[in-house]
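Pasting target03.txt here (compact mmCIF, C-alpha atoms):
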```txt
# COMPACT_ATOMS: atom_id res chain seq x y z
CA MET A 942 20.32 0.61 -24.88
CA ILE A 943 19.82 4.33 -25.47
CA LEU A 944 21.58 6.36 -22.82
CA ARG A 945 21.05 9.98 -22.01
CA THR A 946 22.46 11.39 -18.82
CA SER A 947 22.31 15.11 -18.17
CA GLY A 948 25.69 16.75 -18.49
CA VAL A 949 27.45 13.80 -20.06
CA GLN A 950 25.56 13.44 -23.31
CA ARG A 951 28.71 14.08 -25.28
CA GLU A 952 30.57 11.18 -23.70
CA PHE A 953 27.75 8.72 -24.38
CA ARG A 954 27.27 9.70 -28.03
CA PRO A 955 28.47 6.29 -29.35
CA LEU A 956 26.02 4.44 -27.12
CA LEU A 957 23.15 6.70 -28.13
CA LEU A 958 23.45 5.03 -31.53
CA SER A 959 22.50 1.62 -30.20
CA ILE A 960 19.49 -0.66 -30.46
CA SER A 961 17.07 1.89 -31.89
CA ALA A 962 19.60 3.03 -34.47
CA LEU A 963 20.37 -0.60 -35.19
CA THR A 964 16.72 -1.24 -35.98
CA PHE A 965 16.83 1.62 -38.47
CA CYS A 966 20.02 0.35 -40.07
CA LEU A 967 18.55 -3.11 -40.50
CA GLY A 968 15.64 -1.58 -42.38
CA LEU A 969 17.87 -0.21 -45.10
CA ALA A 970 18.84 -2.10 -48.23
CA LEU A 971 22.60 -1.89 -48.23
CA ALA A 972 24.75 -2.30 -51.29
CA GLY A 973 27.80 -4.41 -50.54
CA CYS A 974 30.10 -4.54 -47.54
CA SER A 975 33.46 -2.84 -47.24
CA THR A 976 35.01 -3.97 -43.99
CA SER A 977 38.72 -3.67 -44.67
CA LEU A 978 40.80 -0.54 -44.63
CA PRO A 979 41.81 0.07 -48.22
CA GLY A 980 43.04 3.66 -48.09
CA LEU A 981 46.26 2.60 -46.38
CA PHE A 982 48.42 2.51 -49.49
CA GLY A 983 49.61 4.76 -52.25
CA SER A 984 48.82 8.35 -53.12
CA SER A 985 45.30 7.68 -54.39
CA ASN A 986 42.48 8.83 -52.15
CA ALA A 987 39.98 6.47 -53.73
CA PRO A 988 39.28 3.50 -51.44
CA VAL A 989 39.37 0.01 -52.87
CA GLU A 990 36.51 -2.13 -51.64
CA THR A 991 37.31 -5.67 -50.55
CA GLN A 992 35.37 -8.48 -48.93
CA PRO A 993 35.34 -9.34 -45.21
CA GLY A 994 38.58 -10.99 -44.23
CA GLN A 995 40.68 -9.48 -47.03
CA LEU A 996 43.41 -7.10 -46.03
CA PRO A 997 43.87 -3.72 -47.76
CA LEU A 998 45.18 -3.55 -51.28
CA GLN A 999 47.35 -1.28 -53.30
CA GLN A 1000 45.75 -0.37 -56.61
CA GLY A 1001 45.96 -3.42 -58.88
CA GLN A 1002 47.17 -5.90 -56.27
CA SER A 1003 45.63 -9.25 -55.48
CA PRO A 1004 44.20 -9.82 -51.99
CA ILE A 1005 46.90 -10.13 -49.33
CA GLU A 1006 46.61 -13.49 -47.64
CA SER A 1007 47.25 -13.94 -43.96
CA GLN A 1008 50.37 -16.02 -43.29
CA PRO A 1009 51.08 -18.03 -40.13
CA ILE A 1010 53.87 -16.73 -37.95
CA ALA A 1011 57.29 -18.16 -38.74
CA PRO A 1012 58.99 -20.59 -36.35
CA GLY A 1013 60.43 -18.68 -33.44
CA GLN A 1014 58.41 -15.56 -34.25
CA SER A 1015 56.20 -14.33 -31.42
CA ALA A 1016 52.63 -13.22 -31.97
CA ILE A 1017 52.11 -9.47 -31.87
CA ARG A 1018 50.30 -8.54 -28.69
CA VAL A 1019 47.42 -6.07 -28.71
CA GLY A 1020 45.77 -4.73 -25.57
CA LEU A 1021 42.00 -4.32 -25.38
CA LEU A 1022 40.71 -2.18 -22.51
CA LEU A 1023 36.94 -2.13 -21.91
CA PRO A 1024 34.59 -1.63 -18.91
CA LEU A 1025 33.58 -5.28 -18.83
CA SER A 1026 32.51 -5.29 -15.18
CA ALA A 1027 30.72 -1.93 -15.28
CA GLY A 1028 27.01 -2.03 -14.60
CA GLY A 1029 24.11 -1.61 -16.96
CA ASN A 1030 24.57 -0.45 -20.53
CA ALA A 1031 28.31 0.14 -20.22
CA GLY A 1032 29.09 -3.47 -19.34
CA ALA A 1033 26.81 -4.82 -22.05
CA ALA A 1034 28.38 -2.51 -24.63
CA ALA A 1035 31.85 -3.58 -23.54
CA GLN A 1036 31.06 -7.28 -24.04
CA SER A 1037 29.63 -6.59 -27.49
CA MET A 1038 32.72 -4.59 -28.45
CA LYS A 1039 34.97 -7.40 -27.21
CA ASN A 1040 33.02 -9.85 -29.37
CA ALA A 1041 33.37 -7.58 -32.40
CA THR A 1042 37.12 -7.32 -31.90
CA GLU A 1043 37.46 -11.10 -31.83
CA LEU A 1044 35.22 -11.39 -34.90
CA ALA A 1045 37.45 -8.99 -36.86
CA LEU A 1046 40.64 -10.84 -36.03
CA THR A 1047 39.03 -14.14 -37.00
CA GLU A 1048 37.64 -12.82 -40.29
CA PHE A 1049 40.98 -11.27 -41.19
CA GLY A 1050 42.74 -14.57 -40.48
CA VAL A 1051 45.27 -13.11 -38.06
CA THR A 1052 44.49 -14.99 -34.88
CA ASN A 1053 47.83 -16.79 -35.20
CA ASN A 1054 49.66 -13.51 -35.74
CA ILE A 1055 47.95 -11.36 -33.13
CA GLN A 1056 47.40 -12.19 -29.48
CA LEU A 1057 44.63 -10.16 -27.87
CA ILE A 1058 45.24 -9.14 -24.25
CA VAL A 1059 41.84 -8.27 -22.76
CA LYS A 1060 41.74 -6.14 -19.61
CA ASP A 1061 38.77 -4.86 -17.62
CA ASP A 1062 39.18 -1.12 -16.93
CA ARG A 1063 35.95 -1.04 -14.85
CA GLY A 1064 35.01 2.23 -16.56
CA THR A 1065 37.18 4.27 -14.20
CA ALA A 1066 40.44 6.19 -14.46
CA GLN A 1067 42.07 4.09 -11.77
CA GLY A 1068 40.95 0.86 -13.38
CA ALA A 1069 42.17 1.98 -16.80
CA ARG A 1070 45.55 3.00 -15.44
CA GLY A 1071 46.06 -0.45 -13.93
CA ALA A 1072 44.69 -2.21 -17.01
CA ALA A 1073 47.04 -0.30 -19.31
CA GLN A 1074 50.02 -1.03 -17.12
CA ALA A 1075 49.16 -4.73 -17.04
CA ALA A 1076 48.64 -4.94 -20.81
CA ILE A 1077 51.96 -3.22 -21.49
CA GLN A 1078 53.77 -5.44 -19.00
CA GLU A 1079 52.39 -8.41 -20.92
CA GLY A 1080 53.89 -7.06 -24.15
CA ALA A 1081 51.10 -5.01 -25.79
CA GLU A 1082 52.45 -2.93 -28.68
CA ILE A 1083 49.20 -1.02 -29.14
CA ILE A 1084 46.09 -0.55 -27.02
CA LEU A 1085 42.48 -0.52 -28.24
CA GLY A 1086 40.08 1.28 -25.89
CA PRO A 1087 39.07 2.43 -23.34
CA LEU A 1088 35.52 3.66 -23.92
CA PHE A 1089 35.01 6.54 -21.46
CA SER A 1090 37.05 9.75 -21.36
CA PRO A 1091 38.46 9.55 -17.79
CA ALA A 1092 39.65 6.02 -18.56
CA VAL A 1093 41.14 7.12 -21.89
CA ALA A 1094 43.05 9.96 -20.23
CA ALA A 1095 44.50 7.65 -17.58
CA ALA A 1096 45.41 4.84 -19.96
CA GLY A 1097 46.83 7.35 -22.43
CA GLN A 1098 49.23 8.75 -19.85
CA VAL A 1099 50.56 5.28 -19.08
CA ALA A 1100 50.86 4.31 -22.75
CA LYS A 1101 52.48 7.54 -23.94
CA ALA A 1102 55.18 7.17 -21.31
CA ARG A 1103 56.10 3.88 -23.00
CA ASN A 1104 55.55 5.15 -26.57
CA ILE A 1105 52.60 2.77 -27.02
CA PRO A 1106 49.81 4.13 -29.28
CA VAL A 1107 46.18 4.04 -28.13
CA ILE A 1108 43.09 3.82 -30.34
CA ALA A 1109 40.21 4.66 -28.00
CA PHE A 1110 36.44 4.98 -28.35
CA SER A 1111 35.54 8.10 -26.35
CA THR A 1112 33.83 11.06 -28.03
CA ASP A 1113 35.53 13.60 -25.75
CA THR A 1114 38.14 15.34 -27.89
CA ASN A 1115 39.77 16.75 -24.75
CA VAL A 1116 41.46 13.36 -24.23
CA ALA A 1117 42.71 13.09 -27.82
CA THR A 1118 46.37 13.86 -28.42
CA SER A 1119 49.24 12.72 -30.56
CA GLY A 1120 49.50 9.00 -29.88
CA VAL A 1121 46.01 8.74 -28.34
CA TYR A 1122 43.55 8.45 -31.24
CA LEU A 1123 39.76 8.49 -30.99
CA LEU A 1124 37.94 6.13 -33.33
CA SER A 1125 34.43 7.32 -32.54
CA PHE A 1126 31.52 9.40 -33.78
CA LEU A 1127 32.52 12.94 -32.90
CA PRO A 1128 29.78 15.60 -32.77
CA GLU A 1129 32.09 18.06 -34.53
CA SER A 1130 31.91 15.93 -37.68
CA ASP A 1131 28.11 16.04 -37.59
CA VAL A 1132 28.12 19.84 -37.41
CA ASP A 1133 30.65 20.18 -40.23
CA ARG A 1134 28.65 17.95 -42.57
CA ILE A 1135 25.14 19.25 -41.94
CA VAL A 1136 26.09 22.95 -41.93
CA SER A 1137 28.24 22.54 -45.06
CA TYR A 1138 25.42 20.74 -46.86
CA SER A 1139 22.84 23.29 -45.73
CA ALA A 1140 24.99 26.21 -46.89
CA ALA A 1141 25.62 24.54 -50.24
CA SER A 1142 21.83 24.14 -50.56
CA GLY A 1143 21.29 27.86 -50.06
CA LYS A 1144 20.47 27.76 -46.32
CA ARG A 1145 22.81 30.40 -44.96
CA SER A 1146 21.11 32.00 -41.94
CA ILE A 1147 20.91 29.85 -38.81
CA VAL A 1148 19.34 30.05 -35.38
CA ALA A 1149 20.25 27.27 -32.98
CA MET A 1150 18.56 25.78 -29.93
CA LEU A 1151 21.08 23.72 -27.97
CA PRO A 1152 21.01 21.88 -24.64
CA GLU A 1153 22.78 23.40 -21.67
CA ASN A 1154 25.31 20.60 -21.27
CA ALA A 1155 28.75 19.58 -22.52
CA TYR A 1156 27.37 18.25 -25.80
CA GLY A 1157 25.64 21.54 -26.50
CA SER A 1158 28.86 23.45 -25.79
CA VAL A 1159 30.76 21.37 -28.34
CA ILE A 1160 28.04 21.90 -30.93
CA GLU A 1161 27.97 25.66 -30.31
CA ALA A 1162 31.71 26.10 -30.73
CA GLN A 1163 31.83 24.02 -33.91
CA LEU A 1164 28.74 25.70 -35.35
CA GLN A 1165 30.30 29.14 -35.03
CA GLN A 1166 33.50 27.94 -36.67
CA ILE A 1167 32.07 26.01 -39.61
CA ALA A 1168 29.36 28.59 -40.36
CA SER A 1169 32.03 31.25 -40.78
CA GLN A 1170 34.01 28.98 -43.09
CA ARG A 1171 30.97 28.16 -45.23
CA GLY A 1172 29.68 31.72 -45.58
CA ALA A 1173 26.67 31.12 -43.33
CA ARG A 1174 25.44 33.49 -40.62
CA VAL A 1175 24.54 32.41 -37.09
CA ILE A 1176 21.81 34.84 -36.10
CA ALA A 1177 21.19 33.53 -32.59
CA ILE A 1178 22.02 30.63 -30.28
CA GLN A 1179 19.76 29.80 -27.37
CA ARG A 1180 20.74 27.27 -24.71
CA TYR A 1181 18.17 25.51 -22.53
CA ALA A 1182 18.02 23.27 -19.50
CA MET A 1183 15.62 20.32 -19.30
CA ASP A 1184 13.07 22.48 -17.53
CA LYS A 1185 9.78 23.27 -19.24
CA GLY A 1186 9.79 26.93 -18.28
CA LYS A 1187 13.40 27.55 -19.34
CA MET A 1188 12.92 25.61 -22.56
CA SER A 1189 9.83 27.64 -23.38
CA GLU A 1190 11.72 30.88 -22.76
CA ALA A 1191 14.55 29.78 -25.07
CA ALA A 1192 12.00 28.74 -27.71
CA ARG A 1193 10.33 32.17 -27.62
CA ARG A 1194 13.68 33.83 -28.24
CA VAL A 1195 14.42 31.46 -31.10
CA ALA A 1196 10.99 32.16 -32.57
CA THR A 1197 11.72 35.89 -32.54
CA ALA A 1198 15.07 35.40 -34.28
CA ALA A 1199 13.66 32.80 -36.69
CA GLY A 1200 11.99 35.55 -38.70
CA GLN A 1201 15.45 36.41 -40.06
CA ALA A 1202 16.57 32.81 -40.58
CA ASP A 1203 16.02 30.00 -43.04
CA THR A 1204 17.42 27.24 -40.77
CA ILE A 1205 16.89 26.09 -37.18
CA PHE A 1206 19.58 23.81 -35.75
CA ILE A 1207 18.44 21.54 -32.90
CA ALA A 1208 21.11 19.32 -31.34
CA ASP A 1209 19.47 16.97 -28.88
CA ALA A 1210 18.67 13.30 -28.44
CA ALA A 1211 15.58 11.41 -29.55
CA ASP A 1212 13.94 11.53 -26.14
CA SER A 1213 14.30 15.33 -25.79
CA THR A 1214 13.89 16.66 -29.33
CA PRO A 1215 10.06 16.25 -29.31
CA GLN A 1216 9.90 18.53 -26.26
CA VAL A 1217 12.02 21.11 -28.06
CA LEU A 1218 9.79 20.91 -31.14
CA GLN A 1219 6.68 21.31 -29.00
CA ALA A 1220 8.15 24.39 -27.29
CA LEU A 1221 8.99 25.91 -30.67
CA ALA A 1222 5.49 25.20 -31.99
CA GLN A 1223 3.93 26.86 -28.95
CA ALA A 1224 6.23 29.84 -29.52
CA GLY A 1225 4.85 30.23 -33.03
CA VAL A 1226 7.45 28.52 -35.20
CA ALA A 1227 5.40 26.97 -38.01
CA PRO A 1228 6.59 23.57 -39.28
CA GLY A 1229 7.90 23.81 -42.82
CA ARG A 1230 8.61 27.54 -42.82
CA VAL A 1231 12.28 27.03 -41.94
CA GLN A 1232 14.59 24.09 -42.54
CA LEU A 1233 15.21 21.97 -39.43
CA ILE A 1234 18.66 20.40 -39.16
CA GLY A 1235 20.24 18.18 -36.50
CA THR A 1236 23.02 15.76 -35.64
CA GLY A 1237 23.35 11.99 -35.64
CA LEU A 1238 21.43 11.84 -32.36
CA TRP A 1239 18.35 12.05 -34.57
CA ASP A 1240 19.21 8.72 -36.20
CA ASP A 1241 16.41 7.05 -34.25
CA PRO A 1242 13.16 5.58 -35.68
CA ALA A 1243 11.28 6.95 -32.66
CA LEU A 1244 11.74 10.44 -34.09
CA PHE A 1245 10.86 9.71 -37.70
CA ALA A 1246 7.11 9.53 -37.03
CA ASP A 1247 6.99 13.04 -35.54
CA PRO A 1248 5.23 15.18 -38.19
CA LYS A 1249 7.09 18.28 -37.00
CA LEU A 1250 10.32 16.69 -38.29
CA ASN A 1251 8.99 15.84 -41.74
CA GLY A 1252 11.57 17.19 -44.18
CA ALA A 1253 14.26 17.69 -41.52
CA TRP A 1254 17.91 16.94 -42.30
CA PHE A 1255 20.60 15.38 -40.13
CA ALA A 1256 24.14 14.04 -40.55
CA ALA A 1257 24.88 10.43 -39.70
CA PRO A 1258 27.59 7.81 -40.27
CA ASP A 1259 27.60 5.96 -43.56
CA SER A 1260 25.52 2.81 -43.03
CA THR A 1261 27.13 0.89 -45.91
CA GLY A 1262 28.44 -2.43 -44.64
CA TYR A 1263 26.77 -2.27 -41.25
CA GLU A 1264 23.89 -4.63 -42.05
CA LYS A 1265 26.21 -7.44 -43.15
CA PHE A 1266 28.37 -6.90 -40.09
CA VAL A 1267 25.26 -7.34 -37.94
CA GLN A 1268 24.39 -10.54 -39.78
CA ARG A 1269 27.86 -12.00 -39.27
CA TYR A 1270 27.97 -10.93 -35.64
CA LYS A 1271 24.56 -12.43 -34.94
CA ALA A 1272 25.47 -15.67 -36.68
CA ARG A 1273 28.47 -16.09 -34.40
CA PHE A 1274 27.20 -14.72 -31.08
CA GLY A 1275 23.45 -15.25 -31.32
CA SER A 1276 22.44 -11.65 -30.60
CA ASP A 1277 22.58 -8.21 -32.17
CA PRO A 1278 25.64 -6.04 -31.44
CA VAL A 1279 25.36 -2.65 -29.80
CA ARG A 1280 25.90 0.15 -32.30
CA THR A 1281 29.34 0.89 -30.87
CA ALA A 1282 30.58 -2.60 -31.74
CA SER A 1283 31.40 -1.51 -35.27
CA LEU A 1284 34.05 0.82 -33.84
CA ALA A 1285 35.79 -2.08 -32.12
CA TYR A 1286 35.58 -4.15 -35.30
CA ASP A 1287 37.15 -1.35 -37.34
CA ALA A 1288 39.89 -0.79 -34.77
CA ALA A 1289 40.84 -4.48 -34.81
CA SER A 1290 40.68 -4.53 -38.63
CA LEU A 1291 43.01 -1.55 -38.75
CA VAL A 1292 45.48 -3.30 -36.46
CA ALA A 1293 45.33 -6.41 -38.64
CA ALA A 1294 45.98 -4.35 -41.76
CA LEU A 1295 48.93 -2.52 -40.23
CA VAL A 1296 50.46 -5.76 -38.95
CA LYS A 1297 50.27 -7.41 -42.36
CA THR A 1298 51.47 -4.49 -44.45
CA GLN A 1299 53.67 -2.09 -42.51
CA GLY A 1300 56.36 -4.34 -41.06
CA GLN A 1301 58.33 -2.78 -38.22
CA ASN A 1302 56.51 0.52 -38.79
CA ARG A 1303 53.13 -1.09 -38.20
CA PHE A 1304 52.12 1.17 -35.31
CA ALA A 1305 54.20 4.24 -36.16
CA GLN A 1306 52.41 7.56 -36.21
CA GLU A 1307 52.82 7.95 -39.97
CA SER A 1308 51.10 4.59 -40.52
CA ILE A 1309 48.15 5.34 -38.22
CA THR A 1310 47.66 8.90 -39.50
CA ASN A 1311 47.86 8.09 -43.22
CA PRO A 1312 46.14 11.09 -44.86
CA SER A 1313 44.30 8.95 -47.40
CA GLY A 1314 42.40 7.39 -44.53
CA PHE A 1315 40.73 4.00 -44.22
CA THR A 1316 37.40 2.47 -45.14
CA GLY A 1317 35.59 0.71 -42.30
CA ILE A 1318 32.10 -0.50 -41.53
CA ASP A 1319 30.92 3.05 -40.82
CA GLY A 1320 32.52 4.57 -43.92
CA VAL A 1321 35.71 6.49 -44.58
CA PHE A 1322 37.74 7.82 -41.66
CA ARG A 1323 41.22 9.08 -40.87
CA PHE A 1324 43.14 10.16 -37.81
CA ARG A 1325 44.50 13.67 -37.47
CA GLN A 1326 47.87 14.37 -35.87
CA ASP A 1327 46.07 15.66 -32.75
CA GLY A 1328 44.38 12.29 -32.23
CA THR A 1329 40.88 13.23 -33.38
CA CYS A 1330 39.03 11.30 -36.06
CA GLU A 1331 37.66 12.80 -39.26
CA ARG A 1332 34.74 10.99 -40.88
CA ASN A 1333 32.81 11.29 -44.10
CA LEU A 1334 29.11 11.35 -43.20
CA ALA A 1335 25.87 11.11 -45.11
CA VAL A 1336 23.04 13.64 -44.95
CA MET A 1337 19.69 12.03 -44.20
CA GLU A 1338 16.19 13.44 -44.65
CA ILE A 1339 13.25 12.46 -42.43
CA ARG A 1340 10.29 11.91 -44.68
CA ASP A 1341 6.89 10.22 -44.13
CA GLY A 1342 7.85 8.29 -41.03
CA SER A 1343 11.25 7.06 -42.14
CA SER A 1344 14.56 8.45 -43.36
CA ARG A 1345 16.35 8.42 -46.68
CA VAL A 1346 19.78 9.36 -47.95
CA LEU A 1347 19.70 12.92 -49.24
CA SER A 1348 23.45 13.16 -49.87
CA PRO A 1349 25.60 10.01 -49.63
CA ALA A 1350 28.79 10.01 -47.62
CA PRO A 1351 31.78 10.82 -49.84
CA ARG A 1352 33.79 7.69 -50.59
CA SER A 1353 37.16 9.41 -50.19
CA PHE A 1354 38.56 12.53 -48.59
CA SER A 1355 39.42 14.02 -51.96
CA SER A 1356 35.76 13.83 -53.04
CA ALA A 1357 34.69 15.27 -49.67
CA ALA A 1358 37.03 18.24 -50.21
CA ALA A 1359 35.57 18.78 -53.68
CA GLN A 1360 32.05 18.88 -52.21
CA ASN A 1361 33.08 21.59 -49.79
```

Would you mind writing the structure in this file as structure tokens?
Amino acid sequence: MILRTSGVQREFRPLLLSISALTFCLGLALAGCSTSLPGLFGSSNAPVETQPGQLPLQQGQSPIESQPIAPGQSAIRVGLLLPLSAGGNAGAAAQSMKNATELALTEFGVTNNIQLIVKDDRGTAQGARGAAQAAIQEGAEIILGPLFSPAVAAAGQVAKARNIPVIAFSTDTNVATSGVYLLSFLPESDVDRIVSYSAASGKRSIVAMLPENAYGSVIEAQLQQIASQRGARVIAIQRYAMDKGKMSEAARRVATAAGQADTIFIADAADSTPQVLQALAQAGVAPGRVQLIGTGLWDDPALFADPKLNGAWFAAPDSTGYEKFVQRYKARFGSDPVRTASLAYDAASLVAALVKTQGQNRFAQESITNPSGFTGIDGVFRFRQDGTCERNLAVMEIRDGSSRVLSPAPRSFSSAAAQN
């Protein structure tokens, strides 16, 4: 299920973390499962871990039990927009995300309180526009999805005109805005975490080798910004196309600049990174002389066996809770979920929590953008006012054919701020 399409790598980032990443996650021994969204209440930034199916708690409270709707009270309607009829990986991912949404509502005991309105957006802007209109006409108070950025932009326009919030799954921050929130793995978060950790570890001079596509452009902009904030120096950035000659030329330039650096940042997927490493080796960059760092695209067992990456660091979502989610999903649906399914589960869990605890303000901006954030399957996250998602990530080290946690993901945003 790994996708990599030239020029759109950024958009497919969630799907890049699919079956191969799932295999890696299943190989880890996970401690516990935190699948509710405990940071919703109070001024404390410390999340309170609960079991699957329990709604978030204030400090010291007992679990909040789901109550059936009162006589005469209508179920709250929630739209779910996914590319169910799209071909290939997109359609398969959509079905898995739909399953995960239904699993969350069942485990949280809110199927009597929440009616899910599922619409096929076909993976297109036109399809999403029609799907959003139909869901709203049928009474949706909030929309989950779509998955792809053109669809998010179209559905967001329709929803914002009716003051209906959207929690979508695209990684393209250009479609995020107030009222259209992206619950996804954003490449900017990867850069922030790995560069901050590297700088704190004394690695403060960076050369970067980045693909000549939209994903590489995002990485470049964020690298320049976060390096300046962390007191690191970007010595050189070389972009490359997937052409052997051009990649070799970029690698030679990086090799020249690497003499002044202690870190090389490579931001590419598992199927391309070995080619980049080979080009660097041919250009004279000796493995082990400089620290290699990367993004969550390296979270792939296929890369871990490459000896050139031994000792390399990368940022990735917190895996705590994911293994048990996979077990529960497989028990119900008879197959493994795609990696993106955890996003749909967390989105539905968030909706369930807001419905049970926030009354008439359940989908108000101040409820969705609570600064303390929420704890989901993939760790702690919160929405910014501009619609983007901030995540606490772990730093992983590739070592002897596998990976290990070098620095765990902070368990709250206050502890993340203290680290930085």

* Which protein, DNA or RNA residues have an atom at most 6 Å from (27.2, 12.9, -33.5), counting all atoms listed in the file? List them as a VMD selection string. -> chain A and resid 1126 to 1128 1131 1236 to 1238

### Distance in Å - CA of Glu1048 (chain A) versus CA of Ala1293 (chain A)
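Taking CA of Glu1048 (chain A) as the start and CA of Ala1293 (chain A) as the end point, the length is 10.1 Å.
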
Nearest to Val1346 (chain A), restricted to all atoms listed in the file and choosing among A:Gln1078, A:Ser1276, A:Thr1261, A:Gln1201, comes out as A:Thr1261

> Nearest to Ile1309 (chain A) among A:Pro1258, A:Gly1086, A:Gly1328, A:Pro1278, with distances taken over all atoms listed in the file: which residue is it?
Replying inline: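 Among the listed residues, A:Gly1328 lies closest to Ile1309 (chain A).
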
**Request:** State, in Å with one decimal place, the distance from CA of Ala1243 (chain A) to CA of Pro1215 (chain A).
**Result:**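 These atoms are spaced 10.0 Å apart.
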
Across A:Ala1288, A:Val1296, A:Asn1030, A:Pro1091, the smallest distance to Ala1016 (chain A), with all atoms listed in the file counted, is shown by A:Val1296

Selection near Ala1256 (chain A), 8 Å with all atoms listed in the file, sequence-local residues under 3 positions removed, as an MDAnalysis selection string
chainID A and resid 1131:1132 1134:1135 1235:1237 1334:1337

Exercise. Calculate how many Å separate CA of Arg1174 (chain A) from CA of Ala1211 (chain A), rounding to one decimal.
Key: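 Calculated distance between CA of Arg1174 (chain A) and CA of Ala1211 (chain A) is 26.6 Å.
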
Notebook entry, point to check: For Ile1108 (chain A), which residue among A:Asp1259, A:Asp1319, A:Glu1082, A:Asp1209 is the nearest when counting all atoms listed in the file?
Noted result: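 When distances to Ile1108 (chain A) are compared using all atoms listed in the file, the smallest one comes from A:Glu1082.
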
- [ ] Point out the residue among A:Leu1057, A:Phe1354, A:Arg1345, A:Pro1106 with the least atom-to-atom distance to Ala1045 (chain A), counting all atoms listed in the file.
- [x]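 The answer is A:Leu1057, which sits nearest to Ala1045 (chain A).
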
Given only C-alpha atoms as the basis, pick out the residue of A:Ala1196, A:Ala1285, A:Ile1105, A:Ala1272 nearest to Met1038 (chain A).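 So, comparing all the options, the nearest one is A:Ala1285.
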
Q.
Could you check which residues have any atom within 6 Å of (20.3, 25.3, -21.8), counting all atoms listed in the file with coordinates taken straight from the file, and then list them as a PyMOL selection string?
A. chain A and resi 1152-1153+1180-1182
